[in-house]
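Enquirer: Following this line is work_7.cif, made up of mmCIF, C-alpha atoms:
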```
data_structure
#
loop_
_atom_site.label_atom_id
_atom_site.label_comp_id
_atom_site.auth_asym_id
_atom_site.auth_seq_id
_atom_site.Cartn_x
_atom_site.Cartn_y
_atom_site.Cartn_z
CA MET A 1 32.85 -0.34 7.27
CA PHE A 2 32.23 -2.01 3.92
CA ASP A 3 33.20 -5.38 5.40
CA GLU A 4 30.48 -4.93 8.02
CA LEU A 5 27.88 -4.13 5.34
CA ARG A 6 28.94 -6.94 2.98
CA PRO A 7 26.89 -9.73 4.68
CA HIS A 8 23.80 -7.49 4.70
CA LEU A 9 24.27 -6.63 1.01
CA VAL A 10 24.67 -10.31 0.14
CA GLU A 11 21.49 -11.14 2.07
CA LEU A 12 19.64 -8.25 0.41
CA ARG A 13 20.73 -9.43 -3.04
CA LYS A 14 19.49 -12.92 -2.22
CA ARG A 15 16.08 -11.69 -1.08
CA LEU A 16 15.74 -9.41 -4.12
CA ALA A 17 16.68 -12.26 -6.45
CA ILE A 18 14.05 -14.57 -4.95
CA SER A 19 11.42 -11.83 -5.14
CA ALA A 20 12.30 -11.07 -8.76
CA ALA A 21 12.23 -14.76 -9.68
CA SER A 22 8.79 -15.22 -8.13
CA LEU A 23 7.58 -12.11 -9.97
CA ILE A 24 8.86 -13.43 -13.31
CA VAL A 25 7.22 -16.82 -12.80
CA MET A 26 3.92 -15.21 -11.82
CA PHE A 27 4.16 -12.88 -14.82
CA PHE A 28 4.15 -15.77 -17.30
CA VAL A 29 1.31 -17.45 -15.43
CA MET A 30 -0.76 -14.28 -15.40
CA PHE A 31 0.03 -13.50 -19.04
CA TYR A 32 -1.72 -16.75 -19.95
CA PHE A 33 -4.82 -15.50 -18.11
CA HIS A 34 -4.54 -11.86 -19.14
CA GLU A 35 -7.83 -11.80 -21.08
CA PRO A 36 -10.16 -12.65 -18.16
CA ILE A 37 -8.10 -10.36 -15.90
CA LEU A 38 -8.44 -7.51 -18.39
CA THR A 39 -12.18 -8.15 -18.64
CA TRP A 40 -12.38 -7.85 -14.85
CA MET A 41 -10.35 -4.63 -14.91
CA VAL A 42 -12.45 -3.01 -17.66
CA GLN A 43 -15.81 -3.93 -16.12
CA PRO A 44 -16.15 -0.77 -13.95
CA LEU A 45 -15.48 1.36 -17.02
CA ASN A 46 -18.04 -0.56 -19.09
CA ASP A 47 -20.60 -0.17 -16.33
CA ALA A 48 -20.01 3.59 -16.23
CA LEU A 49 -20.29 3.88 -20.02
CA ILE A 50 -23.48 1.81 -20.03
CA ALA A 51 -24.89 4.04 -17.29
CA VAL A 52 -24.65 7.09 -19.55
CA GLY A 53 -25.93 5.14 -22.56
CA LYS A 54 -22.72 5.39 -24.54
CA VAL A 55 -22.06 1.69 -25.19
CA SER A 56 -23.92 -1.57 -25.33
CA VAL A 57 -23.38 -4.25 -22.72
CA ASN A 58 -20.49 -5.81 -24.64
CA ALA A 59 -18.97 -2.45 -25.66
CA ALA A 60 -19.36 -3.55 -29.29
CA ASN A 61 -19.39 -0.05 -30.77
CA GLY A 62 -15.74 0.54 -29.93
CA MET A 63 -15.89 3.28 -27.32
CA ILE A 64 -12.86 1.70 -25.63
CA THR A 65 -10.03 2.18 -28.13
CA THR A 66 -6.31 1.72 -28.62
CA SER A 67 -4.01 4.27 -30.26
CA GLN A 68 -1.03 2.00 -30.93
CA VAL A 69 -0.35 -0.71 -33.50
CA GLY A 70 0.73 -3.10 -30.73
CA GLY A 71 -1.57 -1.61 -28.14
CA ALA A 72 -3.33 -4.86 -27.29
CA PHE A 73 0.00 -6.63 -26.70
CA PHE A 74 1.40 -3.89 -24.45
CA VAL A 75 -1.86 -3.80 -22.50
CA ALA A 76 -1.57 -7.56 -21.98
CA LEU A 77 1.95 -7.03 -20.60
CA LYS A 78 0.75 -4.35 -18.18
CA VAL A 79 -2.16 -6.49 -17.04
CA ALA A 80 0.08 -9.52 -16.51
CA PHE A 81 2.61 -7.46 -14.56
CA PHE A 82 -0.08 -5.98 -12.31
CA ALA A 83 -1.54 -9.41 -11.60
CA ALA A 84 1.95 -10.88 -11.09
CA ILE A 85 2.75 -8.39 -8.32
CA VAL A 86 -0.49 -9.31 -6.54
CA GLY A 87 0.15 -13.02 -7.04
CA ALA A 88 3.77 -12.83 -5.86
CA LEU A 89 2.96 -10.59 -2.90
CA PRO A 90 3.12 -13.37 -0.26
CA ILE A 91 6.61 -14.34 -1.42
CA ILE A 92 7.76 -10.72 -1.57
CA LEU A 93 6.48 -10.10 1.96
CA SER A 94 8.19 -13.26 3.20
CA GLN A 95 11.50 -12.08 1.74
CA ILE A 96 11.11 -8.70 3.44
CA TRP A 97 10.54 -10.46 6.76
CA LEU A 98 13.43 -12.88 6.28
CA PHE A 99 15.74 -9.95 5.52
CA ILE A 100 14.95 -8.22 8.82
CA ALA A 101 14.57 -11.45 10.83
CA PRO A 102 18.26 -11.73 11.90
CA GLY A 103 17.81 -8.55 13.96
CA LEU A 104 14.72 -9.82 15.77
CA TYR A 105 14.22 -11.81 18.94
CA ALA A 106 13.20 -15.45 18.71
CA HIS A 107 9.55 -14.78 19.58
CA GLU A 108 9.42 -11.98 17.01
CA LYS A 109 10.78 -14.20 14.24
CA ARG A 110 7.78 -16.49 14.65
CA MET A 111 5.50 -13.67 13.46
CA ILE A 112 6.37 -14.30 9.81
CA ILE A 113 3.07 -16.08 9.04
CA PRO A 114 0.86 -13.32 10.54
CA PHE A 115 2.95 -10.73 8.66
CA ILE A 116 2.55 -12.51 5.31
CA VAL A 117 -1.13 -13.36 5.76
CA GLY A 118 -2.04 -9.97 7.25
CA GLY A 119 -0.13 -8.03 4.61
CA THR A 120 -1.61 -10.02 1.73
CA VAL A 121 -5.17 -9.91 3.05
CA MET A 122 -5.10 -6.17 3.76
CA PHE A 123 -3.65 -5.44 0.30
CA LEU A 124 -6.45 -7.46 -1.31
CA VAL A 125 -9.05 -5.71 0.87
CA GLY A 126 -7.70 -2.37 -0.35
CA VAL A 127 -7.85 -3.48 -3.98
CA LEU A 128 -11.41 -4.81 -3.62
CA PHE A 129 -12.52 -1.65 -1.81
CA ALA A 130 -11.15 0.45 -4.66
CA TYR A 131 -12.72 -1.82 -7.28
CA TYR A 132 -16.22 -2.13 -5.83
CA ILE A 133 -16.61 1.19 -3.99
CA VAL A 134 -14.29 3.86 -5.38
CA THR A 135 -14.06 3.22 -9.13
CA PRO A 136 -17.84 2.95 -9.74
CA PHE A 137 -18.41 6.37 -8.18
CA GLY A 138 -15.32 7.94 -9.74
CA PHE A 139 -15.83 6.64 -13.28
CA ASP A 140 -19.55 7.34 -13.24
CA PHE A 141 -18.93 10.96 -12.22
CA LEU A 142 -16.06 11.57 -14.65
CA ILE A 143 -17.79 9.99 -17.66
CA THR A 144 -21.22 11.44 -16.94
CA PHE A 145 -19.80 14.95 -16.55
CA GLY A 146 -19.98 16.56 -19.99
CA SER A 147 -21.28 13.42 -21.70
CA PHE A 148 -24.15 15.42 -23.22
CA LYS A 149 -21.53 17.40 -25.20
CA PHE A 150 -18.75 14.90 -25.83
CA THR A 151 -18.52 11.23 -26.76
CA PRO A 152 -16.04 9.46 -24.46
CA LEU A 153 -13.39 7.56 -26.40
CA ILE A 154 -11.39 5.75 -23.70
CA ASN A 155 -7.82 4.76 -24.55
CA ILE A 156 -7.22 1.30 -23.10
CA GLU A 157 -3.50 1.90 -22.48
CA ASP A 158 -4.21 5.01 -20.42
CA TYR A 159 -7.07 3.30 -18.62
CA VAL A 160 -5.02 0.27 -17.55
CA GLY A 161 -2.26 2.51 -16.20
CA PHE A 162 -4.81 4.68 -14.40
CA PHE A 163 -6.64 1.64 -13.00
CA THR A 164 -3.49 -0.06 -11.67
CA LYS A 165 -2.36 3.17 -10.00
CA ILE A 166 -5.64 3.37 -8.08
CA MET A 167 -5.55 -0.32 -7.15
CA PHE A 168 -1.95 -0.18 -5.91
CA GLY A 169 -2.62 3.06 -4.07
CA PHE A 170 -5.50 1.58 -2.09
CA GLY A 171 -3.72 -1.74 -1.63
CA LEU A 172 -0.69 -0.06 -0.09
CA ALA A 173 -2.86 2.30 1.96
CA PHE A 174 -4.65 -0.64 3.58
CA GLU A 175 -1.28 -2.04 4.68
CA LEU A 176 -1.03 0.75 7.26
CA PRO A 177 -2.47 -1.22 10.23
CA VAL A 178 -0.24 -4.20 9.45
CA PHE A 179 2.97 -2.18 9.34
CA ALA A 180 1.90 -0.17 12.40
CA TYR A 181 1.41 -3.41 14.31
CA PHE A 182 4.85 -4.77 13.49
CA LEU A 183 6.60 -1.44 14.05
CA ALA A 184 4.97 -1.35 17.48
CA LEU A 185 5.96 -4.96 18.06
CA LEU A 186 9.57 -4.00 17.38
CA GLY A 187 9.25 -1.04 19.76
CA LEU A 188 9.85 1.56 17.04
CA VAL A 189 6.58 3.49 17.57
CA ASP A 190 4.08 3.94 20.39
CA ASP A 191 0.54 5.29 20.48
CA ARG A 192 1.61 8.73 21.76
CA GLN A 193 3.92 9.22 18.79
CA MET A 194 1.17 8.11 16.39
CA THR A 195 -1.35 10.45 18.02
CA ALA A 196 1.05 13.41 17.96
CA PHE A 197 1.68 12.81 14.23
CA PHE A 198 -2.04 12.60 13.42
CA LYS A 199 -2.44 16.24 12.31
CA TYR A 200 0.46 15.84 9.88
CA ALA A 201 -0.86 12.47 8.74
CA ILE A 202 -4.14 14.06 7.65
CA ILE A 203 -2.29 16.48 5.36
CA ILE A 204 -0.17 13.66 3.92
CA ILE A 205 -3.28 11.50 3.41
CA PHE A 206 -5.09 14.17 1.41
CA VAL A 207 -1.98 14.86 -0.69
CA VAL A 208 -1.59 11.15 -1.45
CA ALA A 209 -5.32 10.87 -2.23
CA ALA A 210 -5.06 13.78 -4.66
CA LEU A 211 -2.10 12.16 -6.44
CA LEU A 212 -3.54 8.64 -6.70
CA THR A 213 -7.18 9.31 -7.56
CA PRO A 214 -9.04 11.06 -10.38
CA PRO A 215 -9.26 14.85 -10.13
CA ASP A 216 -12.65 14.93 -8.46
CA VAL A 217 -13.41 15.62 -4.82
CA LEU A 218 -15.69 12.61 -4.36
CA THR A 219 -13.08 10.02 -5.29
CA GLN A 220 -10.40 11.78 -3.25
CA LEU A 221 -12.66 11.71 -0.20
CA LEU A 222 -13.37 8.02 -0.82
CA MET A 223 -9.64 7.39 -0.47
CA ALA A 224 -8.83 9.92 2.25
CA GLY A 225 -11.74 8.87 4.48
CA PRO A 226 -10.75 5.19 4.81
CA LEU A 227 -7.10 6.19 5.23
CA ILE A 228 -7.96 8.42 8.19
CA ILE A 229 -10.02 5.61 9.69
CA LEU A 230 -7.14 3.17 9.13
CA TYR A 231 -4.75 5.57 10.82
CA GLY A 232 -7.07 5.75 13.82
CA LEU A 233 -7.26 1.96 13.84
CA SER A 234 -3.47 1.83 13.70
CA ILE A 235 -3.27 4.04 16.80
CA LEU A 236 -5.50 1.59 18.68
CA ILE A 237 -3.42 -1.36 17.50
CA VAL A 238 -0.17 0.32 18.54
CA LYS A 239 -1.70 1.19 21.91
CA LEU A 240 -2.45 -2.49 22.53
CA VAL A 241 0.95 -3.70 21.34
CA ASN A 242 3.33 -0.98 22.55
CA PRO A 243 1.56 1.60 24.77
CA ALA A 244 3.47 4.74 25.68
CA PRO A 245 4.48 4.93 29.36
CA PRO A 246 2.48 7.36 31.54
CA ILE A 247 3.74 10.94 31.43
CA GLU A 248 4.42 10.91 35.20
CA GLU A 249 6.63 7.89 34.78
CA GLU A 250 8.53 9.57 31.95
CA ASP A 251 9.02 12.69 34.07
CA ASP A 252 10.40 10.56 36.92
CA ASP A 253 12.81 8.86 34.51
CA ILE A 254 13.96 12.24 33.17
CA GLU A 255 14.49 13.62 36.67
CA GLU A 256 16.38 10.48 37.67
CA ASP A 257 18.61 10.77 34.60
CA GLU A 258 19.28 14.44 35.37
CA GLU A 259 20.18 13.61 38.98
CA ASN A 260 22.51 10.85 37.83
CA ASN A 261 24.18 13.20 35.36
CA GLU A 262 24.63 15.88 38.05
CA ALA A 263 26.08 13.31 40.45
CA LEU A 264 28.48 12.10 37.78
CA GLU A 265 29.57 15.67 36.97
CA ASN A 266 30.13 16.44 40.68
CA LYS A 267 32.15 13.24 41.05
CA ASN A 268 34.32 14.16 38.10
CA GLU A 269 34.94 17.64 39.53
#
```
What is this file in structure tokens?
Expert:
Amino acid sequence: MFDELRPHLVELRKRLAISAASLIVMFFVMFYFHEPILTWMVQPLNDALIAVGKVSVNAANGMITTSQVGGAFFVALKVAFFAAIVGALPIILSQIWLFIAPGLYAHEKRMIIPFIVGGTVMFLVGVLFAYYIVTPFGFDFLITFGSFKFTPLINIEDYVGFFTKIMFGFGLAFELPVFAYFLALLGLVDDRQMTAFFKYAIIIIFVVAALLTPPDVLTQLLMAGPLIILYGLSILIVKLVNPAPPIEEEDDDIEEDEENNEALENKNE
């Protein structure tokens, strides 16, 4: 059994090594540009603080703080790593596809470019949706609430971790139509299965939204709503790519199988 798995393990190690190498290279590139990236990441927070009159436009009065001696350095590492994953995403997706490609038909193997482009674009759409739609509402609500009693002192280390979690959450969520398309292309799911799972998907979506967003209902709905829409879009995509056979046809197939089994049993007797 191990001899059968050995080639797959060797191939997996190769794909992981290439993905890790691309991530390391992108990390050093992004570390060089970490300051403008961090400025971009902090902008929604600055806008929310300005909205409640707690900081000036350049946040010069120090409302965004650090609690560690090397806080700025560790923040730069986190920022560079986040940007490196986004930058290396096309290569990572290509390695995923190349790992599963040996088990595909020839016409399916040619879908590598749509998989890479679609996966990368949808991830970026999710990130931009979170940045321009979700975080302004979420941060404005959370900072404004109780601001008449308390002065918000935002720890930059906590903020960067919180920000990247939201960005990755939405980026991965927006990959749903892409993965649904390729699972349908491989014949692993059909629209009837997706529709039957919809009621469970709603529960999972709201649980994931609660885990990945701030603890306010508005932001959770801003994540759960698009996810439900994306799931519905995925059902339509799967229906176009791999529609479920009509129920009558399935019943005929079941009856035919039962008749064949009965005939085989009678023959054996």
Enquirer: Rank A:Ser234, A:Leu211, A:Ala244, A:Phe170 by their smallest atom-to-atom distance to A:Gln193, using all atoms listed in the file, and report the top residue only.
Expert: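 Checking each candidate against A:Gln193, we get A:Ala244 as the closest.
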Enquirer: Just say which residues the PyMOL selection byres ((chain A and resi 212) around 8) picks in this file, as a list in words.
Expert: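 Selection result, ordered by chain and number: Lys165, Ile166, Gly169, Val208, Ala209, Ala210, Leu211, Thr213 and Pro214 of chain A.
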Enquirer: Around (-4.7, 8.7, 5.1) in the file's frame, which residues reach within 10 Å when counting all atoms listed in the file? Return as a ChimeraX atom specification?
Expert: /A:173-174,176,198,201-209,223-232
Enquirer: For the structure provided, state which residues fall under the PyMOL selection byres ((chain A and resi 5-11) around 12), and present them as a list in words.
Expert: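 So the PyMOL selection byres ((chain A and resi 5-11) around 12) ends up selecting Met1, Phe2, Asp3, Glu4, Leu12, Arg13, Lys14, Arg15, Leu16, Ala17, Ile18, Gln95, Ile96, Trp97, Leu98, Phe99, Ile100, Ala101, Pro102 and Gly103 of chain A.
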Enquirer: Can you list what the PyMOL selection byres ((chain A and resi 65) around 9) grabs from this structure, as a PyMOL selection string?
Expert: chain A and resi 62-64+66-67+153-157
Enquirer: Calculated over only C-alpha atoms, which of the candidates A:Asp191, A:Glu175, A:Glu35, A:Asp47 has the smallest distance to A:Val125?
Expert: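 Residue with the minimum atom-to-atom distance to A:Val125: A:Glu175.
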